[in-house]
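Visitor: What follows is the file my_file.pdb, containing PDB, C-alpha atoms:
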```
MODEL        1
ATOM      1  CA  MET A 273      56.597 -38.693  80.931
ATOM      2  CA  VAL A 274      59.077 -41.573  80.712
ATOM      3  CA  ARG A 275      58.779 -42.992  77.225
ATOM      4  CA  ALA A 276      59.795 -46.489  76.143
ATOM      5  CA  GLY A 277      63.111 -45.335  74.708
ATOM      6  CA  ASP A 278      63.862 -43.369  77.863
ATOM      7  CA  ALA A 279      63.547 -46.538  79.922
ATOM      8  CA  GLY A 280      65.872 -48.220  77.414
ATOM      9  CA  VAL A 281      68.428 -45.441  77.684
ATOM     10  CA  LEU A 282      68.209 -45.596  81.487
ATOM     11  CA  LEU A 283      68.771 -49.354  81.421
ATOM     12  CA  ALA A 284      71.633 -49.060  78.951
ATOM     13  CA  GLY A 285      73.191 -46.334  81.089
ATOM     14  CA  THR A 286      72.885 -48.478  84.210
ATOM     15  CA  GLY A 287      74.463 -51.361  82.329
ATOM     16  CA  LEU A 288      77.316 -49.125  81.224
ATOM     17  CA  VAL A 289      77.914 -47.958  84.811
ATOM     18  CA  ILE A 290      77.954 -51.572  86.056
ATOM     19  CA  MET A 291      80.325 -52.623  83.272
ATOM     20  CA  LEU A 292      82.659 -49.756  84.100
ATOM     21  CA  ALA A 293      82.514 -50.657  87.805
ATOM     22  CA  VAL A 294      83.405 -54.280  87.059
ATOM     23  CA  TYR A 295      86.144 -53.175  84.694
ATOM     24  CA  ALA A 296      87.637 -50.611  87.081
ATOM     25  CA  TRP A 297      87.059 -52.247  90.446
ATOM     26  CA  GLY A 298      86.555 -55.924  89.636
ATOM     27  CA  GLY A 299      89.480 -58.278  89.728
ATOM     28  CA  ASP A 300      92.592 -57.107  91.432
ATOM     29  CA  ARG A 301      94.509 -54.641  89.392
ATOM     30  CA  GLY A 302      98.207 -54.703  90.093
ATOM     31  CA  GLU A 303      99.791 -51.893  92.037
ATOM     32  CA  THR A 304     103.419 -52.818  92.435
ATOM     33  CA  VAL A 305     105.850 -54.778  90.374
ATOM     34  CA  ILE A 306     108.589 -57.002  91.771
ATOM     35  CA  ILE A 307     111.595 -57.784  89.638
ATOM     36  CA  ARG A 308     113.852 -60.658  90.627
ATOM     37  CA  ALA A 309     117.175 -61.842  89.270
ATOM     38  CA  ALA A 310     118.696 -65.160  90.350
ATOM     39  CA  GLY A 311     116.019 -65.428  93.071
ATOM     40  CA  LYS A 312     116.839 -62.115  94.691
ATOM     41  CA  VAL A 313     114.526 -59.105  94.551
ATOM     42  CA  VAL A 314     116.282 -56.483  92.453
ATOM     43  CA  GLU A 315     113.569 -53.893  92.292
ATOM     44  CA  THR A 316     110.150 -53.285  93.850
ATOM     45  CA  THR A 317     108.436 -50.359  92.252
ATOM     46  CA  SER A 318     105.006 -48.842  91.817
ATOM     47  CA  LEU A 319     102.928 -49.463  88.695
ATOM     48  CA  ALA A 320     102.098 -45.780  88.530
ATOM     49  CA  GLN A 321     104.818 -44.309  86.387
ATOM     50  CA  THR A 322     106.419 -45.129  83.101
ATOM     51  CA  ARG A 323     109.857 -46.617  83.616
ATOM     52  CA  VAL A 324     112.304 -48.900  81.897
ATOM     53  CA  VAL A 325     114.372 -51.207  84.069
ATOM     54  CA  SER A 326     117.284 -53.203  82.782
ATOM     55  CA  VAL A 327     118.367 -56.284  84.731
ATOM     56  CA  SER A 328     121.371 -58.358  83.816
ATOM     57  CA  GLY A 329     121.267 -62.137  84.043
ATOM     58  CA  PRO A 330     123.708 -64.863  83.000
ATOM     59  CA  LEU A 331     122.747 -64.532  79.311
ATOM     60  CA  GLY A 332     122.673 -60.752  79.147
ATOM     61  CA  PRO A 333     120.404 -57.824  79.924
ATOM     62  CA  THR A 334     116.622 -58.180  80.286
ATOM     63  CA  ARG A 335     114.689 -55.048  79.498
ATOM     64  CA  ILE A 336     111.495 -54.520  81.515
ATOM     65  CA  GLU A 337     108.994 -51.796  80.670
ATOM     66  CA  ILE A 338     106.636 -50.393  83.294
ATOM     67  CA  GLU A 339     103.662 -48.233  82.356
ATOM     68  CA  PRO A 340     100.735 -46.973  84.431
ATOM     69  CA  GLY A 341      98.812 -50.091  85.413
ATOM     70  CA  ARG A 342     100.902 -52.619  83.486
ATOM     71  CA  ALA A 343     104.357 -54.023  82.978
ATOM     72  CA  ARG A 344     106.067 -56.387  80.537
ATOM     73  CA  VAL A 345     109.358 -57.935  79.592
ATOM     74  CA  ALA A 346     110.204 -56.044  76.431
ATOM     75  CA  ARG A 347     113.460 -57.781  75.526
ATOM     76  CA  ASP A 348     115.235 -60.814  76.868
ATOM     77  CA  PRO A 349     118.113 -62.972  75.650
ATOM     78  CA  SER A 350     116.357 -66.242  76.520
ATOM     79  CA  PRO A 351     116.127 -68.538  73.463
ATOM     80  CA  ARG A 352     112.375 -69.225  73.473
ATOM     81  CA  GLN A 353     111.224 -65.712  74.421
ATOM     82  CA  LEU A 354     108.367 -67.084  76.541
ATOM     83  CA  CYS A 355     108.371 -64.188  78.996
ATOM     84  CA  VAL A 356     108.415 -61.649  76.177
ATOM     85  CA  LYS A 357     105.513 -63.349  74.421
ATOM     86  CA  GLN A 358     103.378 -63.070  77.575
ATOM     87  CA  GLY A 359     102.982 -59.399  76.832
ATOM     88  CA  TRP A 360     101.572 -56.891  79.266
ATOM     89  CA  LEU A 361     100.731 -58.006  82.805
ATOM     90  CA  THR A 362      98.043 -56.083  84.678
ATOM     91  CA  GLN A 363      96.460 -58.296  87.349
ATOM     92  CA  SER A 364      97.763 -59.097  90.798
ATOM     93  CA  GLY A 365      99.517 -62.470  90.858
ATOM     94  CA  GLN A 366     100.535 -62.468  87.198
ATOM     95  CA  ALA A 367     104.179 -63.185  86.527
ATOM     96  CA  ALA A 368     106.508 -63.448  83.563
ATOM     97  CA  LEU A 369     109.494 -65.739  84.016
ATOM     98  CA  CYS A 370     112.598 -65.618  81.893
ATOM     99  CA  LEU A 371     114.054 -68.822  83.297
ATOM    100  CA  PRO A 372     117.203 -69.138  81.173
ATOM    101  CA  ASN A 373     118.208 -65.640  82.188
ATOM    102  CA  GLN A 374     116.935 -66.147  85.779
ATOM    103  CA  VAL A 375     114.867 -62.948  85.677
ATOM    104  CA  SER A 376     111.252 -62.739  86.767
ATOM    105  CA  LEU A 377     108.600 -60.064  86.811
ATOM    106  CA  GLU A 378     105.668 -60.292  89.217
ATOM    107  CA  ILE A 379     102.658 -58.030  89.741
ATOM    108  CA  ARG A 380     101.229 -57.453  93.184
ATOM    109  CA  GLY A 381      97.916 -55.801  94.091
ATOM    110  CA  HIS A 382      95.930 -55.223  97.276
ATOM    111  CA  THR A 383      95.704 -58.874  98.139
ATOM    112  CA  VAL A 384      98.492 -61.306  97.485
ATOM    113  CA  ALA A 385      97.222 -64.317  95.644
ATOM    114  CA  TYR A 386      99.976 -66.674  96.869
ATOM    115  CA  ASP A 387     102.180 -66.660  99.921
ATOM    116  CA  THR A 388     105.146 -67.812  97.935
ATOM    117  CA  LEU A 389     105.916 -69.167  94.504
ATOM    118  CA  GLY A 390     108.867 -71.386  93.721
ATOM    119  CA  TYR A 391     110.159 -71.530  90.190
TER     120      TYR A 391
ATOM    121  CA  MET B  58      87.708  17.879  50.031
ATOM    122  CA  ALA B  59      87.311  14.692  51.917
ATOM    123  CA  THR B  60      89.143  14.538  55.198
ATOM    124  CA  PRO B  61      90.123  11.420  57.083
ATOM    125  CA  LEU B  62      87.970  12.695  59.926
ATOM    126  CA  LEU B  63      84.897  11.888  57.954
ATOM    127  CA  MET B  64      85.749   8.240  58.388
ATOM    128  CA  THR B  65      84.907   8.449  62.069
ATOM    129  CA  HIS B  66      81.335   9.353  61.280
ATOM    130  CA  SER B  67      80.649   6.104  59.548
ATOM    131  CA  VAL B  68      78.702   3.764  61.757
ATOM    132  CA  ILE B  69      78.867   0.022  61.480
ATOM    133  CA  GLU B  70      75.598  -1.438  62.542
ATOM    134  CA  PHE B  71      75.132  -4.991  63.681
ATOM    135  CA  PRO B  72      71.454  -5.713  63.401
ATOM    136  CA  VAL B  73      70.309  -7.600  66.476
ATOM    137  CA  SER B  74      67.613 -10.087  65.642
ATOM    138  CA  ALA B  75      65.021 -11.472  67.992
ATOM    139  CA  ASP B  76      66.882 -14.793  67.871
ATOM    140  CA  ASP B  77      70.085 -13.115  69.061
ATOM    141  CA  ARG B  78      68.235 -11.612  71.983
ATOM    142  CA  ARG B  79      66.661 -14.916  72.886
ATOM    143  CA  ILE B  80      70.004 -16.743  72.699
ATOM    144  CA  ALA B  81      71.608 -14.055  74.866
ATOM    145  CA  ARG B  82      68.830 -14.288  77.419
ATOM    146  CA  LEU B  83      69.003 -18.072  77.633
ATOM    147  CA  ALA B  84      72.796 -18.033  77.686
ATOM    148  CA  ALA B  85      72.611 -15.604  80.621
ATOM    149  CA  LEU B  86      70.316 -18.063  82.383
ATOM    150  CA  ALA B  87      72.738 -20.912  81.704
ATOM    151  CA  ILE B  88      75.667 -18.798  82.955
ATOM    152  CA  GLY B  89      73.740 -17.974  86.124
ATOM    153  CA  LEU B  90      73.165 -21.687  86.763
ATOM    154  CA  THR B  91      76.851 -22.399  86.109
ATOM    155  CA  LEU B  92      77.867 -19.807  88.685
ATOM    156  CA  ALA B  93      75.346 -21.072  91.229
ATOM    157  CA  GLU B  94      76.633 -24.580  90.694
ATOM    158  CA  ALA B  95      80.259 -23.540  91.147
ATOM    159  CA  ALA B  96      79.385 -22.502  94.693
ATOM    160  CA  LEU B  97      78.110 -25.981  95.546
ATOM    161  CA  PRO B  98      80.630 -28.202  97.298
ATOM    162  CA  SER B  99      81.470 -31.370  95.387
ATOM    163  CA  PRO B 100      83.143 -34.506  96.742
ATOM    164  CA  ILE B 101      85.050 -35.100  93.519
ATOM    165  CA  PRO B 102      85.993 -32.334  91.096
ATOM    166  CA  GLY B 103      83.939 -32.844  87.988
ATOM    167  CA  VAL B 104      80.896 -34.380  89.659
ATOM    168  CA  LYS B 105      78.326 -31.626  89.229
ATOM    169  CA  PRO B 106      74.598 -31.577  88.561
ATOM    170  CA  GLY B 107      75.143 -29.758  85.253
ATOM    171  CA  LEU B 108      72.086 -27.535  85.708
ATOM    172  CA  ALA B 109      73.071 -25.381  82.736
ATOM    173  CA  ASN B 110      72.427 -28.426  80.540
ATOM    174  CA  ILE B 111      68.737 -28.059  81.373
ATOM    175  CA  VAL B 112      68.793 -24.728  79.545
ATOM    176  CA  VAL B 113      70.807 -26.142  76.631
ATOM    177  CA  LEU B 114      68.356 -29.012  76.268
ATOM    178  CA  LEU B 115      65.340 -26.697  76.406
ATOM    179  CA  VAL B 116      66.897 -24.547  73.701
ATOM    180  CA  LEU B 117      67.645 -27.621  71.604
ATOM    181  CA  LEU B 118      64.070 -28.839  71.782
ATOM    182  CA  GLN B 119      62.475 -25.434  71.200
ATOM    183  CA  ALA B 120      64.896 -23.524  68.966
ATOM    184  CA  GLY B 121      67.100 -26.160  67.348
ATOM    185  CA  TRP B 122      70.670 -27.370  67.539
ATOM    186  CA  ARG B 123      72.369 -24.192  66.316
ATOM    187  CA  ALA B 124      70.819 -22.086  69.059
ATOM    188  CA  ALA B 125      71.693 -24.772  71.620
ATOM    189  CA  ALA B 126      75.320 -24.748  70.445
ATOM    190  CA  TRP B 127      75.416 -20.960  70.787
ATOM    191  CA  VAL B 128      73.984 -21.054  74.293
ATOM    192  CA  SER B 129      76.351 -23.842  75.317
ATOM    193  CA  GLY B 130      79.403 -22.097  73.854
ATOM    194  CA  LEU B 131      78.548 -18.764  75.419
ATOM    195  CA  ARG B 132      77.887 -20.503  78.722
ATOM    196  CA  VAL B 133      81.333 -22.143  78.748
ATOM    197  CA  LEU B 134      83.149 -18.971  77.692
ATOM    198  CA  ALA B 135      81.325 -16.433  79.854
ATOM    199  CA  GLY B 136      81.106 -18.817  82.797
ATOM    200  CA  ALA B 137      84.899 -19.234  82.683
ATOM    201  CA  ILE B 138      85.421 -15.475  82.455
ATOM    202  CA  LEU B 139      83.193 -14.880  85.476
ATOM    203  CA  LEU B 140      84.784 -17.687  87.486
ATOM    204  CA  GLY B 141      88.279 -16.515  86.540
ATOM    205  CA  SER B 142      89.197 -19.845  84.990
ATOM    206  CA  LEU B 143      89.455 -18.794  81.343
ATOM    207  CA  PHE B 144      92.022 -20.973  79.505
ATOM    208  CA  ALA B 145      92.786 -22.841  82.729
ATOM    209  CA  PRO B 146      92.642 -26.654  82.570
ATOM    210  CA  GLY B 147      89.116 -26.612  83.972
ATOM    211  CA  PHE B 148      87.993 -24.387  81.113
ATOM    212  CA  TRP B 149      89.340 -26.789  78.493
ATOM    213  CA  LEU B 150      87.719 -29.737  80.227
ATOM    214  CA  SER B 151      84.452 -27.839  80.300
ATOM    215  CA  ALA B 152      84.797 -26.914  76.629
ATOM    216  CA  ALA B 153      85.639 -30.493  75.634
ATOM    217  CA  GLY B 154      82.616 -31.752  77.573
ATOM    218  CA  ALA B 155      80.324 -29.190  75.983
ATOM    219  CA  CYS B 156      81.625 -30.060  72.481
ATOM    220  CA  THR B 157      81.123 -33.820  72.813
ATOM    221  CA  SER B 158      77.771 -33.262  74.486
ATOM    222  CA  LEU B 159      76.649 -31.108  71.545
ATOM    223  CA  MET B 160      77.938 -33.686  69.061
ATOM    224  CA  VAL B 161      75.991 -36.410  70.856
ATOM    225  CA  LEU B 162      72.887 -34.213  70.828
ATOM    226  CA  ALA B 163      73.375 -33.470  67.133
ATOM    227  CA  LEU B 164      72.863 -37.187  66.501
ATOM    228  CA  ALA B 165      70.443 -37.943  69.334
ATOM    229  CA  ARG B 166      67.916 -35.315  68.262
ATOM    230  CA  TYR B 167      67.082 -37.517  65.272
ATOM    231  CA  LEU B 168      65.847 -40.278  67.567
ATOM    232  CA  PRO B 169      62.098 -40.733  67.116
ATOM    233  CA  SER B 170      60.548 -38.404  69.663
ATOM    234  CA  GLN B 171      57.531 -40.570  70.418
ATOM    235  CA  HIS B 172      59.883 -43.072  72.062
ATOM    236  CA  PHE B 173      62.833 -40.939  73.146
ATOM    237  CA  GLY B 174      61.965 -37.911  75.221
ATOM    238  CA  PRO B 175      64.035 -35.250  76.987
ATOM    239  CA  ILE B 176      65.188 -37.821  79.559
ATOM    240  CA  SER B 177      67.003 -39.846  76.874
ATOM    241  CA  LEU B 178      68.578 -36.729  75.391
ATOM    242  CA  SER B 179      69.647 -35.503  78.817
ATOM    243  CA  ILE B 180      71.261 -38.805  79.814
ATOM    244  CA  LEU B 181      73.042 -39.127  76.469
ATOM    245  CA  ALA B 182      74.232 -35.508  76.707
ATOM    246  CA  ALA B 183      75.471 -36.091  80.259
ATOM    247  CA  PHE B 184      77.446 -39.156  79.147
ATOM    248  CA  GLY B 185      78.805 -37.135  76.234
ATOM    249  CA  HIS B 186      79.825 -34.398  78.637
ATOM    250  CA  ILE B 187      81.688 -36.607  81.068
ATOM    251  CA  GLY B 188      83.107 -38.690  78.212
ATOM    252  CA  GLY B 189      84.624 -35.643  76.535
ATOM    253  CA  GLN B 190      86.007 -34.336  79.799
ATOM    254  CA  LEU B 191      87.540 -37.663  80.787
ATOM    255  CA  ALA B 192      88.958 -38.223  77.320
ATOM    256  CA  LEU B 193      90.756 -34.883  77.441
ATOM    257  CA  ALA B 194      91.786 -35.367  81.083
ATOM    258  CA  GLY B 195      93.082 -38.863  80.383
ATOM    259  CA  TRP B 196      94.964 -37.806  77.304
ATOM    260  CA  TRP B 197      96.318 -34.478  78.524
ATOM    261  CA  LEU B 198      96.229 -34.026  82.304
ATOM    262  CA  LEU B 199      96.485 -37.500  83.800
ATOM    263  CA  PRO B 200      97.736 -39.925  81.173
ATOM    264  CA  GLY B 201      97.599 -43.485  82.364
ATOM    265  CA  ALA B 202      95.513 -45.522  84.701
ATOM    266  CA  ALA B 203      94.896 -42.813  87.278
ATOM    267  CA  ILE B 204      91.354 -42.065  86.065
ATOM    268  CA  ILE B 205      90.203 -45.650  85.587
ATOM    269  CA  GLY B 206      89.302 -46.108  89.261
ATOM    270  CA  LEU B 207      86.993 -43.083  89.139
ATOM    271  CA  LEU B 208      85.288 -43.936  85.829
ATOM    272  CA  PRO B 209      82.292 -45.694  87.411
ATOM    273  CA  VAL B 210      81.753 -42.766  89.802
ATOM    274  CA  PHE B 211      81.695 -40.265  86.960
ATOM    275  CA  ALA B 212      79.458 -42.479  84.841
ATOM    276  CA  ALA B 213      77.012 -43.033  87.708
ATOM    277  CA  ALA B 214      76.909 -39.292  88.385
ATOM    278  CA  ALA B 215      76.249 -38.637  84.680
ATOM    279  CA  LEU B 216      73.424 -41.176  84.677
ATOM    280  CA  ILE B 217      71.754 -39.832  87.814
ATOM    281  CA  PHE B 218      72.129 -36.126  87.109
ATOM    282  CA  GLY B 219      71.313 -36.667  83.435
ATOM    283  CA  ALA B 220      68.082 -38.428  84.348
ATOM    284  CA  VAL B 221      67.135 -35.786  86.933
ATOM    285  CA  ASN B 222      67.861 -32.933  84.516
ATOM    286  CA  GLY B 223      65.869 -34.768  81.847
ATOM    287  CA  VAL B 224      62.873 -35.021  84.166
ATOM    288  CA  VAL B 225      63.184 -31.289  84.865
ATOM    289  CA  VAL B 226      63.245 -30.540  81.120
ATOM    290  CA  ALA B 227      60.257 -32.800  80.520
ATOM    291  CA  ARG B 228      58.360 -31.077  83.325
ATOM    292  CA  LEU B 229      59.215 -27.633  81.996
ATOM    293  CA  LEU B 230      58.117 -28.610  78.487
ATOM    294  CA  ALA B 231      54.987 -30.469  79.561
ATOM    295  CA  PRO B 232      52.667 -27.457  80.019
ATOM    296  CA  ALA B 233      53.774 -25.963  76.697
ATOM    297  CA  THR B 234      53.228 -29.118  74.655
ATOM    298  CA  SER B 235      50.037 -30.188  76.403
ATOM    299  CA  ALA B 236      48.542 -26.746  75.798
ATOM    300  CA  ASN B 237      49.567 -26.604  72.142
ATOM    301  CA  GLU B 238      49.599 -30.083  70.719
ATOM    302  CA  GLN B 239      48.385 -32.789  73.004
ATOM    303  CA  PRO B 240      45.757 -31.391  75.335
ATOM    304  CA  GLN B 241      44.507 -34.891  76.156
ATOM    305  CA  GLU B 242      47.866 -36.018  77.504
ATOM    306  CA  SER B 243      48.185 -35.658  81.238
TER     307      SER B 243
ENDMDL
END
```
Just give me the structure as structure tokens.

Guide:
Amino acid sequence: MVRAGDAGVLLAGTGLVIMLAVYAWGGDRGETVIIRAAGKVVETTSLAQTRVVSVSGPLGPTRIEIEPGRARVARDPSPRQLCVKQGWLTQSGQAALCLPNQVSLEIRGHTVAYDTLGY
Amino acid sequence: MATPLLMTHSVIEFPVSADDRRIARLAALAIGLTLAEAALPSPIPGVKPGLANIVVLLVLLQAGWRAAAWVSGLRVLAGAILLGSLFAPGFWLSAAGACTSLMVLALARYLPSQHFGPISLSILAAFGHIGGQLALAGWWLLPGAAIIGLLPVFAAAALIFGAVNGVVVARLLAPATSANEQPQES
């Protein structure tokens, strides 16, 4: 009753389920985002809703975009734009630092990868 | 002198072919299975055995894709009317799932049948079903990452129920084909 192709489809389907499980549950997807300015936490918010947060540093405003499951520094006055070029952050422990403007963006998930990070 | 009353005597006849009757009968069967299934408790909305797909698949293999599309469409529409969910979000999810499932079957039926039996078709249709539903749900009802955590659950359910339904279809077809074409096959 089970033909050769059926076994193939079953295997492919199982592979797809495993891939989806690794994609969805593997790693540690971020759940909250912590925004700091000059070392102080300015904002701790959930990574569930779309939001735009503007934080002002010594050089000017840093614009941070939060979307379901990810966050990024969209605009920053720092000269080399390193934190902007990092793009979207999704995993727990990832951080984007805009050092000249003293603004940082950090993603936290279920488990915290580090106790503390000094910049 | 012709009077307007005469107009009422004209009769418009819709000839009902044997195919129409067969589609209606099978659609009624599919609707019955949909209703029975709606009474089953489910841990997650959307995880269902999809018993009506057994009927759709049988129709596809015995009467072709057009008849299967009719049965599937009637099943979604009449099932929603009977469950009182017509044009509710659940109806659109169901319709999206049925559409993608039929599109997948439209391609999958050209797979060589000596290698790919009803089990393949059923699994592919089940993935099409859940894929269409999740695509619409992700785009319209729950945009964002909310669904991602449940994706593997839905996919696993599609795989398991698809395979089980496929085995049922193969079993139901087995006596017919072994009597007609391949009597030596057990």

Visitor: Have a look at B:Leu140, B:Ile205, B:Val225, B:Leu216 and name the one nearest to Pro340 in chain A; count only C-alpha atoms.

Guide: B:Ile205

Visitor: Which protein, DNA or RNA residues are at most 9 Å from (67.9, -40.9, 72.0) in the file's coordinates when you count only C-alpha atoms, listed as a PyMOL selection string?

Guide: (chain A and resi 277-278+281) or (chain B and resi 162+164-170+172-181)

Visitor: Within 12 Å of chain A, which residues of chain B show up? Give each one with its shortest atom-to-atom distance in Å (one decimal) and the two atoms involved, counting all atoms listed in the file, rows by chain then rising residue number, as a tab-separated table.

Guide:
```
residue	atom	partner	partner_atom	distance
B:Ala165	CA	A:Val281	CA	11.4
B:Leu168	CA	A:Gly277	CA	9.2
B:Pro169	CA	A:Gly277	CA	8.9
B:Ser170	CA	A:Gly277	CA	8.9
B:Gln171	CA	A:Arg275	CA	7.3
B:His172	CA	A:Gly277	CA	4.7
B:Phe173	CA	A:Gly277	CA	4.7
B:Gly174	CA	A:Arg275	CA	6.3
B:Pro175	CA	A:Asp278	CA	8.2
B:Ile176	CA	A:Asp278	CA	6.0
B:Ser177	CA	A:Asp278	CA	4.8
B:Leu178	CA	A:Asp278	CA	8.5
B:Ser179	CA	A:Asp278	CA	9.8
B:Ile180	CA	A:Val281	CA	7.5
B:Leu181	CA	A:Val281	CA	7.9
B:Ala182	CA	A:Val281	CA	11.5
B:Ala183	CA	A:Gly285	CA	10.5
B:Phe184	CA	A:Gly285	CA	8.6
B:Gly185	CA	A:Gly285	CA	11.8
B:Gly195	CA	A:Pro340	CA	11.9
B:Leu199	CA	A:Pro340	CA	10.4
B:Pro200	CA	A:Pro340	CA	8.3
B:Gly201	CA	A:Pro340	CA	5.1
B:Ala202	CA	A:Pro340	CA	5.4
B:Ala203	CA	A:Pro340	CA	7.7
B:Ile204	CA	A:Ala296	CA	9.4
B:Ile205	CA	A:Ala296	CA	5.8
B:Gly206	CA	A:Ala296	CA	5.3
B:Leu207	CA	A:Ala296	CA	7.8
B:Leu208	CA	A:Leu292	CA	6.6
B:Pro209	CA	A:Ala293	CA	5.0
B:Val210	CA	A:Val289	CA	8.2
B:Phe211	CA	A:Val289	CA	8.8
B:Ala212	CA	A:Val289	CA	5.7
B:Ala213	CA	A:Val289	CA	5.8
B:Ala214	CA	A:Val289	CA	9.4
B:Ala215	CA	A:Gly285	CA	9.0
B:Leu216	CA	A:Gly285	CA	6.3
B:Ile217	CA	A:Leu282	CA	9.3
B:Phe218	CA	A:Leu282	CA	11.7
B:Gly219	CA	A:Leu282	CA	9.7
B:Ala220	CA	A:Leu282	CA	7.7
B:Val221	CA	A:Leu282	CA	11.3
B:Gly223	CA	A:Val274	CA	9.7
B:Val224	CA	A:Met273	CA	8.0
B:Val225	CA	A:Met273	CA	10.7
B:Val226	CA	A:Met273	CA	10.5
B:Ala227	CA	A:Met273	CA	6.9
B:Arg228	CA	A:Met273	CA	8.2
B:Leu229	CA	A:Met273	CA	11.4
B:Leu230	CA	A:Met273	CA	10.5
B:Ala231	CA	A:Met273	CA	8.5
B:Pro232	CA	A:Met273	CA	11.9
B:Thr234	CA	A:Met273	CA	11.9
B:Ser235	CA	A:Met273	CA	11.7
B:Glu242	CA	A:Met273	CA	9.8
B:Ser243	CA	A:Met273	CA	8.9
```

Visitor: Which residues, written as a list in words, have at least one atom at most 9 Å from Val345 in chain A, with all atoms listed in the file counted and residues fewer than 5 positions away on the same chain left out?

Guide: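 What passes the distance filter is Thr334, Arg335, Ile336, Glu337, Ile338, Cys355, Val356, Lys357, Gln358, Gly359, Trp360, Ala368, Leu369, Cys370, Ser376 and Leu377 of chain A.
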
Visitor: Under the PyMOL selection byres ((chain A and resi 366) around 9), which residues of this model are included? Write them out as an MDAnalysis selection string.

Guide: chainID A and resid 302 361:365 367:368 377:380
